[in-house]
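target02.cif, holding mmCIF, C-alpha atoms:
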```cif
data_entry
loop_
_atom_site.label_atom_id
_atom_site.label_comp_id
_atom_site.auth_asym_id
_atom_site.auth_seq_id
_atom_site.Cartn_x
_atom_site.Cartn_y
_atom_site.Cartn_z
CA GLU A 480 -139.68 -152.11 35.83
CA CYS A 481 -138.18 -155.48 34.88
CA CYS A 482 -135.51 -153.99 32.61
CA SER A 483 -134.22 -151.83 35.47
CA ASP A 484 -134.16 -154.77 37.89
CA ALA A 485 -132.34 -157.01 35.41
CA TYR A 486 -129.76 -154.40 34.41
CA THR A 487 -126.13 -155.07 35.35
CA TYR A 488 -125.08 -152.12 37.50
CA THR A 489 -121.56 -151.11 38.45
CA TYR A 490 -122.81 -150.28 41.96
CA ARG A 491 -125.97 -150.84 43.91
CA SER A 492 -125.05 -147.90 46.14
CA ILE A 493 -122.18 -145.51 46.86
CA THR A 494 -121.48 -143.44 49.99
CA ILE A 495 -118.75 -140.79 50.07
CA ASN A 496 -117.86 -139.57 53.56
CA ASN A 497 -114.78 -137.45 52.78
CA ASN A 498 -112.68 -136.31 49.84
CA THR A 499 -110.54 -139.43 49.62
CA THR A 500 -112.53 -142.65 50.15
CA ALA A 501 -115.96 -144.07 49.36
CA ASN A 502 -117.87 -147.12 50.52
CA TYR A 503 -119.87 -149.10 48.00
CA ILE A 504 -121.96 -152.16 47.35
CA ASP A 505 -121.19 -153.42 43.87
CA GLY A 506 -123.62 -154.84 41.36
CA ASN A 507 -123.19 -158.34 42.80
CA GLY A 508 -123.94 -157.24 46.35
CA ASN A 509 -120.33 -157.19 47.58
CA ALA A 510 -119.34 -154.37 49.94
CA GLY A 511 -116.02 -152.57 49.64
CA THR A 512 -114.01 -149.36 49.87
CA ILE A 513 -112.57 -147.42 46.96
CA SER A 514 -110.69 -144.17 46.59
CA VAL A 515 -112.73 -141.28 45.27
CA ASN A 516 -110.19 -140.75 42.50
CA THR A 517 -110.59 -144.34 41.32
CA LEU A 518 -114.37 -144.19 41.61
CA LEU A 519 -114.54 -141.10 39.39
CA ALA A 520 -111.89 -142.26 36.91
CA SER A 521 -114.43 -143.94 34.62
CA ASN A 522 -118.12 -144.00 33.76
CA PHE A 523 -120.39 -146.05 36.03
CA SER A 524 -124.00 -146.88 36.85
CA VAL A 525 -125.87 -146.81 40.18
CA GLN A 526 -129.00 -148.77 41.02
CA ASN A 527 -130.03 -146.90 44.17
CA GLU A 528 -128.36 -144.10 46.18
CA PHE A 529 -125.18 -142.19 45.41
CA THR A 530 -124.74 -140.28 48.69
CA ILE A 531 -122.24 -137.51 49.42
CA ASN A 532 -121.90 -136.75 53.14
CA ALA A 533 -120.29 -133.75 54.85
CA PRO A 534 -117.61 -132.52 54.71
CA ALA A 535 -116.86 -133.96 51.27
CA VAL A 536 -116.43 -131.63 48.29
CA ILE A 537 -116.63 -133.78 45.17
CA VAL A 538 -115.72 -132.59 41.67
CA ILE A 539 -116.75 -134.73 38.70
CA ASP A 540 -115.30 -134.25 35.20
CA ASN A 541 -116.20 -135.77 31.83
CA ARG A 542 -118.28 -138.70 33.05
CA ILE A 543 -121.49 -140.47 32.08
CA ILE A 544 -123.30 -141.68 35.20
CA GLU A 545 -126.43 -143.78 34.70
CA PHE A 546 -129.14 -144.57 37.25
CA GLY A 547 -131.88 -147.15 37.69
CA GLN A 548 -135.49 -146.30 38.40
CA ASN A 549 -134.71 -145.90 42.13
CA GLY A 550 -131.40 -144.18 41.48
CA LYS A 551 -130.67 -140.80 42.99
CA VAL A 552 -127.83 -138.51 44.04
CA ILE A 553 -128.09 -137.20 47.62
CA VAL A 554 -125.96 -134.21 48.59
CA LYS A 555 -126.24 -133.99 52.39
CA LYS A 556 -126.02 -130.84 54.50
CA GLY A 557 -122.43 -129.59 54.61
CA ALA A 558 -121.43 -131.50 51.46
CA LYS A 559 -120.84 -130.08 47.99
CA LEU A 560 -121.09 -131.63 44.53
CA ILE A 561 -119.53 -129.79 41.60
CA LEU A 562 -120.42 -131.05 38.12
CA ASN A 563 -117.46 -129.40 36.44
CA LYS A 564 -116.28 -130.36 32.96
CA PRO A 565 -119.24 -131.69 30.95
CA ASN A 566 -120.88 -134.72 32.53
CA THR A 567 -124.14 -136.46 31.70
CA LEU A 568 -126.37 -137.85 34.45
CA LYS A 569 -129.19 -139.91 33.01
CA SER A 570 -131.27 -143.06 33.36
CA ILE A 571 -129.97 -146.44 32.20
CA GLY A 572 -130.60 -147.56 28.64
CA CYS A 573 -133.95 -149.24 29.34
CA PRO A 574 -136.49 -147.54 27.06
CA THR A 575 -139.08 -146.74 29.76
CA VAL A 576 -136.91 -146.04 32.83
CA MET A 577 -136.51 -142.61 34.41
CA TRP A 578 -134.42 -141.92 37.53
CA GLN A 579 -135.14 -139.84 40.63
CA GLY A 580 -132.63 -137.01 40.11
CA ILE A 581 -130.42 -135.03 42.54
CA PHE A 582 -131.55 -134.24 46.09
CA VAL A 583 -129.74 -131.33 47.77
CA GLU A 584 -130.46 -131.43 51.49
CA GLY A 585 -130.78 -128.13 53.33
CA ASN A 586 -131.74 -126.54 56.62
CA THR A 587 -134.59 -124.11 56.12
CA ASN A 588 -133.83 -122.32 59.39
CA ALA A 589 -130.12 -121.74 58.81
CA SER A 590 -128.15 -119.31 56.66
CA GLN A 591 -127.05 -120.18 53.14
CA THR A 592 -123.50 -121.30 53.87
CA ALA A 593 -121.57 -124.41 52.90
CA GLN A 594 -121.62 -125.64 56.50
CA ASN A 595 -125.42 -125.44 56.82
CA GLN A 596 -126.65 -126.53 53.41
CA GLY A 597 -126.03 -129.13 50.77
CA TRP A 598 -124.58 -127.44 47.69
CA LEU A 599 -124.88 -128.41 44.03
CA ILE A 600 -122.95 -126.50 41.38
CA ILE A 601 -123.66 -127.36 37.74
CA LEU A 602 -121.29 -125.74 35.28
CA VAL A 603 -121.02 -125.29 31.53
CA GLY A 604 -122.20 -128.16 29.35
CA ASN A 605 -123.37 -130.54 32.08
CA THR A 606 -126.60 -132.40 31.34
CA ILE A 607 -129.25 -133.84 33.64
CA MET A 608 -131.78 -135.83 31.65
CA ASP A 609 -134.62 -138.35 31.84
CA ALA A 610 -135.32 -137.74 35.53
CA HIS A 611 -138.65 -137.42 37.28
CA VAL A 612 -137.14 -134.33 38.91
CA GLY A 613 -133.74 -133.16 37.69
CA ALA A 614 -132.67 -131.43 40.90
CA ARG A 615 -134.45 -130.39 44.10
CA ASN A 616 -133.39 -128.31 47.11
CA PHE A 617 -134.45 -130.76 49.84
CA TYR A 618 -134.10 -134.41 50.77
CA SER A 619 -136.33 -135.47 53.65
CA GLY A 620 -138.44 -133.63 56.19
CA PHE A 621 -140.75 -131.22 54.41
CA PHE A 622 -140.30 -127.66 55.77
CA THR A 623 -137.10 -128.71 57.57
CA SER A 624 -134.64 -129.94 54.92
CA ASP A 625 -135.54 -127.25 52.36
CA GLY A 626 -132.89 -124.69 51.56
CA GLY A 627 -130.27 -126.72 49.71
CA ILE A 628 -128.28 -124.52 47.32
CA ILE A 629 -128.44 -125.15 43.57
CA GLN A 630 -126.35 -122.98 41.27
CA ALA A 631 -126.48 -123.75 37.55
CA THR A 632 -124.63 -121.92 34.79
CA LYS A 633 -125.00 -122.95 31.12
CA ALA A 634 -126.30 -126.36 32.20
CA ASN A 635 -128.81 -128.53 30.34
CA PHE A 636 -131.98 -130.01 31.83
CA ILE A 637 -133.36 -132.31 29.14
CA ASN A 638 -136.53 -134.44 29.02
CA ASN A 639 -137.23 -134.34 32.76
CA ASN A 640 -140.80 -134.23 34.05
CA VAL A 641 -139.70 -131.38 36.33
CA GLY A 642 -136.35 -129.73 35.70
CA VAL A 643 -135.88 -128.18 39.15
CA LEU A 644 -138.15 -128.36 42.19
CA LEU A 645 -137.64 -125.74 44.88
CA PHE A 646 -139.40 -125.93 48.23
CA PRO A 647 -139.49 -122.93 50.58
CA TYR A 648 -136.36 -121.61 52.18
CA ARG A 649 -137.73 -119.43 54.95
CA GLY A 650 -134.60 -118.17 56.65
CA TYR A 651 -136.10 -114.75 57.33
CA ASN A 652 -133.17 -113.65 59.45
CA TYR A 653 -130.60 -114.51 56.76
CA PRO A 654 -129.61 -113.18 53.35
CA ASN A 655 -131.47 -114.22 50.23
CA THR A 656 -131.27 -117.75 48.96
CA ALA A 657 -128.09 -118.44 47.00
CA THR A 658 -129.86 -120.51 44.34
CA PHE A 659 -129.75 -119.29 40.73
CA PHE A 660 -130.04 -120.48 37.13
CA THR A 661 -128.13 -118.56 34.46
CA ASN A 662 -127.92 -119.27 30.72
CA CYS A 663 -129.33 -122.78 31.19
CA LEU A 664 -131.30 -124.82 28.68
CA PHE A 665 -134.54 -126.40 29.90
CA GLU A 666 -135.80 -128.50 27.02
CA THR A 667 -138.23 -131.28 26.17
CA ASN A 668 -137.46 -132.78 22.77
CA ALA A 669 -139.10 -136.20 23.26
CA PHE A 670 -142.04 -137.52 25.22
CA LEU A 671 -141.20 -138.76 28.71
CA LYS A 672 -139.78 -142.28 28.86
CA ASP A 673 -141.88 -143.61 31.75
CA VAL A 674 -144.96 -144.44 29.69
CA ALA A 675 -146.57 -146.44 32.52
CA LEU A 676 -146.58 -143.36 34.76
CA TYR A 677 -147.03 -140.50 32.31
CA GLY A 678 -148.66 -142.03 29.25
CA PRO A 679 -147.27 -142.19 25.71
CA THR A 680 -147.39 -138.49 24.77
CA LYS A 681 -146.47 -136.61 27.94
CA SER A 682 -144.13 -133.64 27.93
CA GLN A 683 -142.79 -132.03 31.09
CA ASP A 684 -145.10 -130.78 33.84
CA ALA A 685 -142.88 -127.76 34.28
CA PHE A 686 -139.22 -126.95 33.79
CA ALA A 687 -139.10 -125.23 37.17
CA VAL A 688 -141.55 -125.55 40.07
CA LEU A 689 -141.34 -123.22 43.07
CA PHE A 690 -143.29 -123.62 46.30
CA SER A 691 -142.81 -120.99 48.97
CA VAL A 692 -145.72 -121.47 51.36
CA SER A 693 -145.06 -119.46 54.49
CA TYR A 694 -146.52 -119.93 57.92
CA LYS A 695 -146.68 -116.15 58.19
CA PRO A 696 -148.01 -113.76 55.53
CA ILE A 697 -144.95 -111.55 55.67
CA PRO A 698 -142.34 -110.73 53.04
CA SER A 699 -140.03 -113.65 52.53
CA GLN A 700 -136.44 -113.02 51.57
CA THR A 701 -136.62 -116.00 49.24
CA ARG A 702 -135.81 -114.79 45.74
CA ILE A 703 -134.65 -117.32 43.19
CA LEU A 704 -132.88 -115.85 40.16
CA PHE A 705 -133.59 -116.98 36.59
CA GLU A 706 -131.35 -115.10 34.16
CA CYS A 707 -131.01 -115.62 30.40
CA ASN A 708 -132.32 -119.20 30.35
CA THR A 709 -134.21 -120.98 27.57
CA PHE A 710 -137.39 -122.93 28.36
CA ARG A 711 -138.68 -124.73 25.28
CA ASN A 712 -140.81 -127.66 24.19
CA LEU A 713 -139.77 -129.21 20.88
CA THR A 714 -142.01 -132.29 20.99
CA PRO A 715 -144.63 -132.80 18.25
CA ALA A 716 -147.45 -132.11 20.74
CA ASN A 717 -149.96 -129.79 19.07
CA ASN A 718 -152.24 -129.38 22.06
CA PHE A 719 -151.03 -126.49 24.22
CA LEU A 720 -152.06 -128.38 27.36
CA SER A 721 -149.59 -131.13 26.44
CA ARG A 722 -146.65 -128.74 26.26
CA GLY A 723 -146.22 -128.02 29.95
CA VAL A 724 -145.09 -124.85 31.71
CA GLY A 725 -141.83 -122.94 31.89
CA ILE A 726 -141.90 -121.77 35.53
CA LYS A 727 -144.79 -122.82 37.78
CA SER A 728 -144.95 -121.18 41.20
CA ILE A 729 -147.21 -121.05 44.24
CA ASP A 730 -146.69 -118.30 46.83
CA ALA A 731 -143.11 -117.85 45.67
CA GLN A 732 -140.87 -114.85 45.18
CA TYR A 733 -138.37 -114.84 42.34
CA ASP A 734 -136.87 -112.80 39.51
CA VAL A 735 -137.01 -113.67 35.82
CA VAL A 736 -134.69 -111.15 34.20
CA LYS A 737 -132.26 -110.43 31.43
CA GLY A 738 -129.85 -109.15 34.06
CA THR A 739 -126.30 -108.45 33.03
CA GLY A 740 -126.01 -111.57 30.86
CA SER A 741 -125.01 -111.56 27.21
CA CYS A 742 -128.34 -112.91 25.93
CA LYS A 743 -130.26 -110.51 23.72
CA GLY A 744 -133.81 -111.27 24.78
CA GLY A 745 -133.57 -112.34 28.40
CA ASN A 746 -135.13 -115.67 29.31
CA LEU A 747 -136.87 -117.33 26.34
CA PHE A 748 -140.15 -119.21 26.86
CA TYR A 749 -141.07 -121.08 23.69
CA ARG A 750 -144.00 -123.25 22.65
CA LEU A 751 -145.50 -123.90 26.10
CA ASP A 752 -148.97 -123.93 27.64
CA ALA A 753 -147.74 -121.05 29.82
CA GLY A 754 -144.34 -119.44 30.02
CA ILE A 755 -144.90 -118.53 33.69
CA ASP A 756 -147.81 -119.82 35.77
CA HIS A 757 -147.91 -117.95 39.08
CA SER A 758 -150.54 -118.53 41.77
CA ARG A 759 -150.96 -116.89 45.16
CA SER A 760 -153.04 -118.38 47.96
CA LEU A 761 -151.65 -116.24 50.80
CA ASN A 762 -151.32 -112.50 51.27
CA SER A 763 -147.98 -110.75 50.92
CA VAL A 764 -147.01 -107.16 51.57
CA ALA A 765 -144.29 -104.74 50.53
CA LEU A 766 -142.32 -106.92 48.08
CA ASN A 767 -143.25 -108.00 44.56
CA ASP A 768 -143.91 -111.73 44.32
CA ILE A 769 -142.17 -111.86 41.00
CA ASN A 770 -140.28 -109.49 38.72
CA VAL A 771 -140.44 -110.39 35.03
CA LEU A 772 -138.13 -108.04 33.15
CA GLN A 773 -136.89 -107.98 29.54
CA ASN A 774 -137.71 -111.54 28.49
CA THR A 775 -139.16 -113.14 25.35
CA PHE A 776 -142.36 -115.22 25.30
CA SER A 777 -142.83 -116.89 21.91
CA ASP A 778 -145.65 -119.13 20.63
CA ASN A 779 -147.12 -119.96 24.04
CA SER A 780 -150.80 -120.36 24.79
CA LYS A 781 -150.34 -117.84 27.61
CA GLY A 782 -147.14 -115.90 28.10
CA ILE A 783 -147.81 -115.31 31.81
CA LEU A 784 -150.74 -116.70 33.81
CA PHE A 785 -151.71 -115.16 37.17
CA THR A 786 -154.25 -116.92 39.39
CA GLY A 787 -155.13 -117.28 43.06
CA THR A 788 -157.17 -115.90 45.92
CA GLY A 789 -154.40 -114.19 47.88
CA TYR A 790 -153.14 -110.67 47.45
CA GLY A 791 -149.71 -110.27 45.93
CA ARG A 792 -147.86 -107.99 43.55
CA ALA A 793 -145.98 -108.56 40.32
CA LEU A 794 -143.96 -106.39 37.97
CA VAL A 795 -143.98 -107.22 34.25
CA GLU A 796 -141.86 -104.77 32.29
CA GLY A 797 -139.98 -104.59 28.99
CA ASN A 798 -140.91 -108.07 27.74
CA LEU A 799 -141.71 -109.23 24.21
CA PHE A 800 -144.80 -111.43 23.82
CA LYS A 801 -145.21 -112.78 20.29
CA GLN A 802 -146.95 -115.40 18.18
CA SER A 803 -145.80 -116.70 14.80
CA VAL A 804 -149.41 -116.99 13.59
CA PHE A 805 -152.35 -114.82 14.61
CA VAL A 806 -155.32 -116.67 16.13
CA GLY A 807 -158.51 -114.66 15.75
CA PRO A 808 -161.10 -114.05 18.49
CA PHE A 809 -163.42 -116.80 17.24
CA GLN A 810 -160.72 -119.41 16.71
CA VAL A 811 -159.53 -122.11 19.13
CA PRO A 812 -157.28 -122.10 21.00
CA ALA A 813 -157.04 -118.41 21.76
CA THR A 814 -153.64 -117.04 22.76
CA TYR A 815 -152.86 -114.47 25.44
CA GLY A 816 -149.79 -112.43 26.23
CA ILE A 817 -150.79 -111.98 29.88
CA TYR A 818 -153.81 -113.69 31.44
CA GLY A 819 -154.76 -112.77 34.98
CA LYS A 820 -157.61 -114.19 37.00
CA GLY A 821 -157.12 -113.21 40.61
CA GLY A 822 -153.77 -113.20 42.36
CA GLY A 823 -153.44 -109.52 43.21
CA LYS A 824 -151.87 -106.48 41.63
CA VAL A 825 -149.95 -106.70 38.36
CA ASN A 826 -147.91 -103.71 37.22
CA ILE A 827 -147.47 -103.90 33.44
CA PHE A 828 -145.14 -101.42 31.75
CA SER A 829 -143.53 -101.06 28.30
CA ASN A 830 -144.18 -104.57 26.98
CA THR A 831 -144.62 -105.49 23.31
CA PHE A 832 -147.41 -107.83 22.14
CA GLU A 833 -147.50 -109.33 18.63
CA LYS A 834 -150.29 -111.42 17.00
CA HIS A 835 -152.10 -112.56 20.16
CA THR A 836 -155.85 -113.12 20.29
CA VAL A 837 -155.78 -110.97 23.42
CA ALA A 838 -152.66 -109.13 24.47
CA CYS A 839 -153.61 -108.66 28.10
CA PHE A 840 -156.64 -110.04 29.97
CA ILE A 841 -157.12 -109.26 33.66
CA ASP A 842 -160.18 -110.42 35.59
CA ASN A 843 -160.99 -110.29 39.31
CA SER A 844 -157.58 -109.19 40.54
CA GLY A 845 -159.14 -108.38 43.91
CA THR A 846 -157.69 -105.63 46.07
CA GLY A 847 -154.60 -105.50 43.90
CA GLY A 848 -155.94 -104.33 40.58
CA LEU A 849 -154.00 -103.63 37.41
#
```
What is this structure when it is put down as structure tokens?
Amino acid sequence: ECCSDAYTYTYRSITINNNTTANYIDGNGNAGTISVNTLLASNFSVQNEFTINAPAVIVIDNRIIEFGQNGKVIVKKGAKLILNKPNTLKSIGCPTVMWQGIFVEGNTNASQTAQNQGWLIILVGNTIMDAHVGARNFYSGFFTSDGGIIQATKANFINNNVGVLLFPYRGYNYPNTATFFTNCLFETNAFLKDVALYGPTKSQDAFAVLFSVSYKPIPSQTRILFECNTFRNLTPANNFLSRGVGIKSIDAQYDVVKGTGSCKGGNLFYRLDAGIDHSRSLNSVALNDINVLQNTFSDNSKGILFTGTGYGRALVEGNLFKQSVFVGPFQVPATYGIYGKGGGKVNIFSNTFEKHTVACFIDNSGTGGL
């Protein structure tokens, strides 16, 4: 991307090793050292890596940080990044550039403590936008660096191809993962900027993608929490397939709930191809794969989609599935509240369905059943 290469960056790279000083290479290629306070005293741009090493705990307030097409934030194991008072992390002003997002390095075989994992905290009003992946819980070494902690409260993930990408944390001997998303906004309001990669009218793939492939078909303790978030596509795309997915998961275990939050309708999934797209390829026992409780699914092609060849279980209870306009049985595209084709047992209780072509369609659920 010539615009990204020609852009005048504040820094080519930044490395923070402790709470007081940082090493950098500036936009002209000159190396130097700067205090962390001075570094974070003004807005800046980064061409490549912005790395935070252990044991640094870095708090950023009221800043705009821009990144080139290779730009990324790396929170290493034992380090912590707190996006505190509202910041915006985004790509540089080039019209077709997207950045790589935040990598939170973890240790999949260690407990979820600050010493073992990278830790990202995103607080009220912070925005991550125009990234290929907004934030992910690993850095390098698939199945080894997974397990980074991401905790987001009232944060905004805007116009990213994937909002959050979570690879499996399989610390079976440790407490549940500490990752959660509460009262966050996951939104696409414009087509993705990287036209060369995605095409001119591409919305997000999914706001959240969860992979939890286990070497052993036993209950994982991995349960990500989604509480009172909004997942919505506001682009002019009329084709449901162009609207992306709210939460897409493969062999994952997580909870999508109203919880104790102040929101009236739980998580809101609006104007998507599928609110939740859950697939199981392995067998699980004892625990529900997912719990979907007291949420609102509005104007989606499918509220929840279950697929796969493995046996799993899911609980869907107390949700509202609704359409603004009824689509009849001989019209295209048909709309479904719940669509299941394989994937195991689905327990469906006390849900409300309004104006769908088919409220609930279950086919070939295998040994699970409905």
task = Select, counting only C-alpha atoms, all protein, DNA and RNA residues no farther than 8 Å from (-130.1, -132.8, 35.1) in file coordinates, and express the selection as a list in words.
result = Thr567, Leu568, Lys569, Gly580, Ile581, Asn605, Thr606, Ile607, Met608, Asp609, Ala610, Gly613, Ala614, Asn635, Phe636, Ile637, Asn639 and Gly642 of chain A
remark   = Counting only C-alpha atoms, closest pick from A:Leu704, A:Ala631, A:Ile531, A:Ala520 relative to A:Ile543 is A:Ala520
task = List the residues selected by the PyMOL selection byres ((chain A and resi 483) around 12) in the file shown, writing them as a PyMOL selection string.
result = chain A and resi 480-482+484-488+491+524-527+545-550+570-578+673
task = Determine the residue set returned by the PyMOL selection byres ((chain A and resi 582) around 7) for the present structure, and present it as a VMD selection string.
result = chain A and resid 552 to 554 580 to 581 583 to 584 614 to 618
task = Considering only C-alpha atoms, return as a count of residues only whatever protein or nucleic-acid residues lie within 9 Å of A:Thr680, sequence-local ones (same chain, fewer than 5 positions apart) excluded.
result = 6
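Note on the selection: in this file the PyMOL selection byres ((chain A and resi 779) around 9) comes out as Phe719, Phe748, Tyr749, Arg750, Leu751, Asp752, Ala753, Gly754, Phe776, Ser777, Asp778, Ser780, Lys781, Gly782, Phe800, Lys801, Gln802, Thr814, Tyr815 and Gly816 of chain A.
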Can I get the selection written as a compact mmCIF listing (two decimals), keeping the file's coordinate frame, with C-alpha atoms?
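again17.txt, freshly written:
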```
# COMPACT_ATOMS: atom_id res chain seq x y z
CA PHE A 719 -151.03 -126.49 24.22
CA PHE A 748 -140.15 -119.21 26.86
CA TYR A 749 -141.07 -121.08 23.69
CA ARG A 750 -144.00 -123.25 22.65
CA LEU A 751 -145.50 -123.90 26.10
CA ASP A 752 -148.97 -123.93 27.64
CA ALA A 753 -147.74 -121.05 29.82
CA GLY A 754 -144.34 -119.44 30.02
CA PHE A 776 -142.36 -115.22 25.30
CA SER A 777 -142.83 -116.89 21.91
CA ASP A 778 -145.65 -119.13 20.63
CA SER A 780 -150.80 -120.36 24.79
CA LYS A 781 -150.34 -117.84 27.61
CA GLY A 782 -147.14 -115.90 28.10
CA PHE A 800 -144.80 -111.43 23.82
CA LYS A 801 -145.21 -112.78 20.29
CA GLN A 802 -146.95 -115.40 18.18
CA THR A 814 -153.64 -117.04 22.76
CA TYR A 815 -152.86 -114.47 25.44
CA GLY A 816 -149.79 -112.43 26.23
```
request  = Find the residue from A:Thr714, A:Ser829, A:Ser760, A:Thr709 that sits nearest to A:Ile729; use all atoms listed in the file when measuring.
outcome  = A:Ser760
ask   = Excluding same-chain residues fewer than 6 positions from A:Leu794, what lies within 12 Å of it counting all atoms listed in the file, as number ranges by chain?
value = A: 732-736, 766-773, 783, 785, 817, 823-830, 849
Go ahead and write the selection's residues with C-alpha atoms as a CSV table (one decimal), in the frame of the given file.
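Okay, this is what ended up in selection.csv:
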```csv
chain,number,residue,atom,x,y,z
A,732,GLN,CA,-140.9,-114.8,45.2
A,733,TYR,CA,-138.4,-114.8,42.3
A,734,ASP,CA,-136.9,-112.8,39.5
A,735,VAL,CA,-137.0,-113.7,35.8
A,736,VAL,CA,-134.7,-111.2,34.2
A,766,LEU,CA,-142.3,-106.9,48.1
A,767,ASN,CA,-143.2,-108.0,44.6
A,768,ASP,CA,-143.9,-111.7,44.3
A,769,ILE,CA,-142.2,-111.9,41.0
A,770,ASN,CA,-140.3,-109.5,38.7
A,771,VAL,CA,-140.4,-110.4,35.0
A,772,LEU,CA,-138.1,-108.0,33.2
A,773,GLN,CA,-136.9,-108.0,29.5
A,783,ILE,CA,-147.8,-115.3,31.8
A,785,PHE,CA,-151.7,-115.2,37.2
A,817,ILE,CA,-150.8,-112.0,29.9
A,823,GLY,CA,-153.4,-109.5,43.2
A,824,LYS,CA,-151.9,-106.5,41.6
A,825,VAL,CA,-150.0,-106.7,38.4
A,826,ASN,CA,-147.9,-103.7,37.2
A,827,ILE,CA,-147.5,-103.9,33.4
A,828,PHE,CA,-145.1,-101.4,31.8
A,829,SER,CA,-143.5,-101.1,28.3
A,830,ASN,CA,-144.2,-104.6,27.0
A,849,LEU,CA,-154.0,-103.6,37.4
```
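In this model, the gap between atom CA of A:Asn498 and atom CA of A:Lys633 comes to 26.1 Å.
The two atoms in question, atom CA of A:Ala685 and atom CA of A:Pro812, are spaced 20.4 Å apart.
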Working from the structure I just supplied, which lacks atoms in stretch 670-675 of chain A, can you model all heavy atoms there and output them as a PDB file, keeping the file's coordinate frame?
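Writing the result to out34.pdb gives the following:
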```pdb
ATOM      1  N   PHE A 670    -141.091-137.229  24.156  1.00  0.00           N
ATOM      2  CA  PHE A 670    -142.040-137.520  25.220  1.00  0.00           C
ATOM      3  C   PHE A 670    -141.342-138.302  26.330  1.00  0.00           C
ATOM      4  O   PHE A 670    -140.366-139.020  26.104  1.00  0.00           O
ATOM      5  CB  PHE A 670    -143.219-138.314  24.659  1.00  0.00           C
ATOM      6  CG  PHE A 670    -144.041-137.543  23.662  1.00  0.00           C
ATOM      7  CD1 PHE A 670    -144.285-138.051  22.399  1.00  0.00           C
ATOM      8  CD2 PHE A 670    -144.572-136.300  23.990  1.00  0.00           C
ATOM      9  CE1 PHE A 670    -145.035-137.339  21.480  1.00  0.00           C
ATOM     10  CE2 PHE A 670    -145.323-135.581  23.077  1.00  0.00           C
ATOM     11  CZ  PHE A 670    -145.558-136.099  21.810  1.00  0.00           C
ATOM     12  N   LEU A 671    -141.852-138.156  27.547  1.00  0.00           N
ATOM     13  CA  LEU A 671    -141.200-138.760  28.710  1.00  0.00           C
ATOM     14  C   LEU A 671    -141.161-140.277  28.582  1.00  0.00           C
ATOM     15  O   LEU A 671    -142.098-140.914  28.109  1.00  0.00           O
ATOM     16  CB  LEU A 671    -141.948-138.354  29.982  1.00  0.00           C
ATOM     17  CG  LEU A 671    -141.964-136.844  30.278  1.00  0.00           C
ATOM     18  CD1 LEU A 671    -142.766-136.565  31.538  1.00  0.00           C
ATOM     19  CD2 LEU A 671    -140.555-136.290  30.406  1.00  0.00           C
ATOM     20  N   LYS A 672    -140.043-140.852  29.056  1.00  0.00           N
ATOM     21  CA  LYS A 672    -139.780-142.280  28.860  1.00  0.00           C
ATOM     22  C   LYS A 672    -140.695-143.192  29.678  1.00  0.00           C
ATOM     23  O   LYS A 672    -141.021-144.292  29.233  1.00  0.00           O
ATOM     24  CB  LYS A 672    -138.319-142.597  29.200  1.00  0.00           C
ATOM     25  CG  LYS A 672    -137.309-142.024  28.223  1.00  0.00           C
ATOM     26  CD  LYS A 672    -135.882-142.268  28.701  1.00  0.00           C
ATOM     27  CE  LYS A 672    -135.565-143.742  28.801  1.00  0.00           C
ATOM     28  NZ  LYS A 672    -134.153-143.974  29.207  1.00  0.00           N
ATOM     29  N   ASP A 673    -141.083-142.755  30.867  1.00  0.00           N
ATOM     30  CA  ASP A 673    -141.880-143.610  31.750  1.00  0.00           C
ATOM     31  C   ASP A 673    -143.334-143.603  31.294  1.00  0.00           C
ATOM     32  O   ASP A 673    -144.194-142.909  31.844  1.00  0.00           O
ATOM     33  CB  ASP A 673    -141.759-143.147  33.198  1.00  0.00           C
ATOM     34  CG  ASP A 673    -142.280-144.169  34.194  1.00  0.00           C
ATOM     35  OD1 ASP A 673    -143.121-144.997  33.799  1.00  0.00           O
ATOM     36  OD2 ASP A 673    -141.856-144.142  35.367  1.00  0.00           O
ATOM     37  N   VAL A 674    -143.624-144.406  30.288  1.00  0.00           N
ATOM     38  CA  VAL A 674    -144.960-144.440  29.690  1.00  0.00           C
ATOM     39  C   VAL A 674    -145.996-144.940  30.685  1.00  0.00           C
ATOM     40  O   VAL A 674    -147.142-144.477  30.708  1.00  0.00           O
ATOM     41  CB  VAL A 674    -144.939-145.308  28.422  1.00  0.00           C
ATOM     42  CG1 VAL A 674    -146.337-145.454  27.848  1.00  0.00           C
ATOM     43  CG2 VAL A 674    -143.996-144.710  27.382  1.00  0.00           C
ATOM     44  N   ALA A 675    -145.625-145.898  31.543  1.00  0.00           N
ATOM     45  CA  ALA A 675    -146.570-146.440  32.520  1.00  0.00           C
ATOM     46  C   ALA A 675    -147.068-145.366  33.471  1.00  0.00           C
ATOM     47  O   ALA A 675    -148.236-145.367  33.887  1.00  0.00           O
ATOM     48  CB  ALA A 675    -145.920-147.583  33.295  1.00  0.00           C
TER      49      ALA A 675
END
```
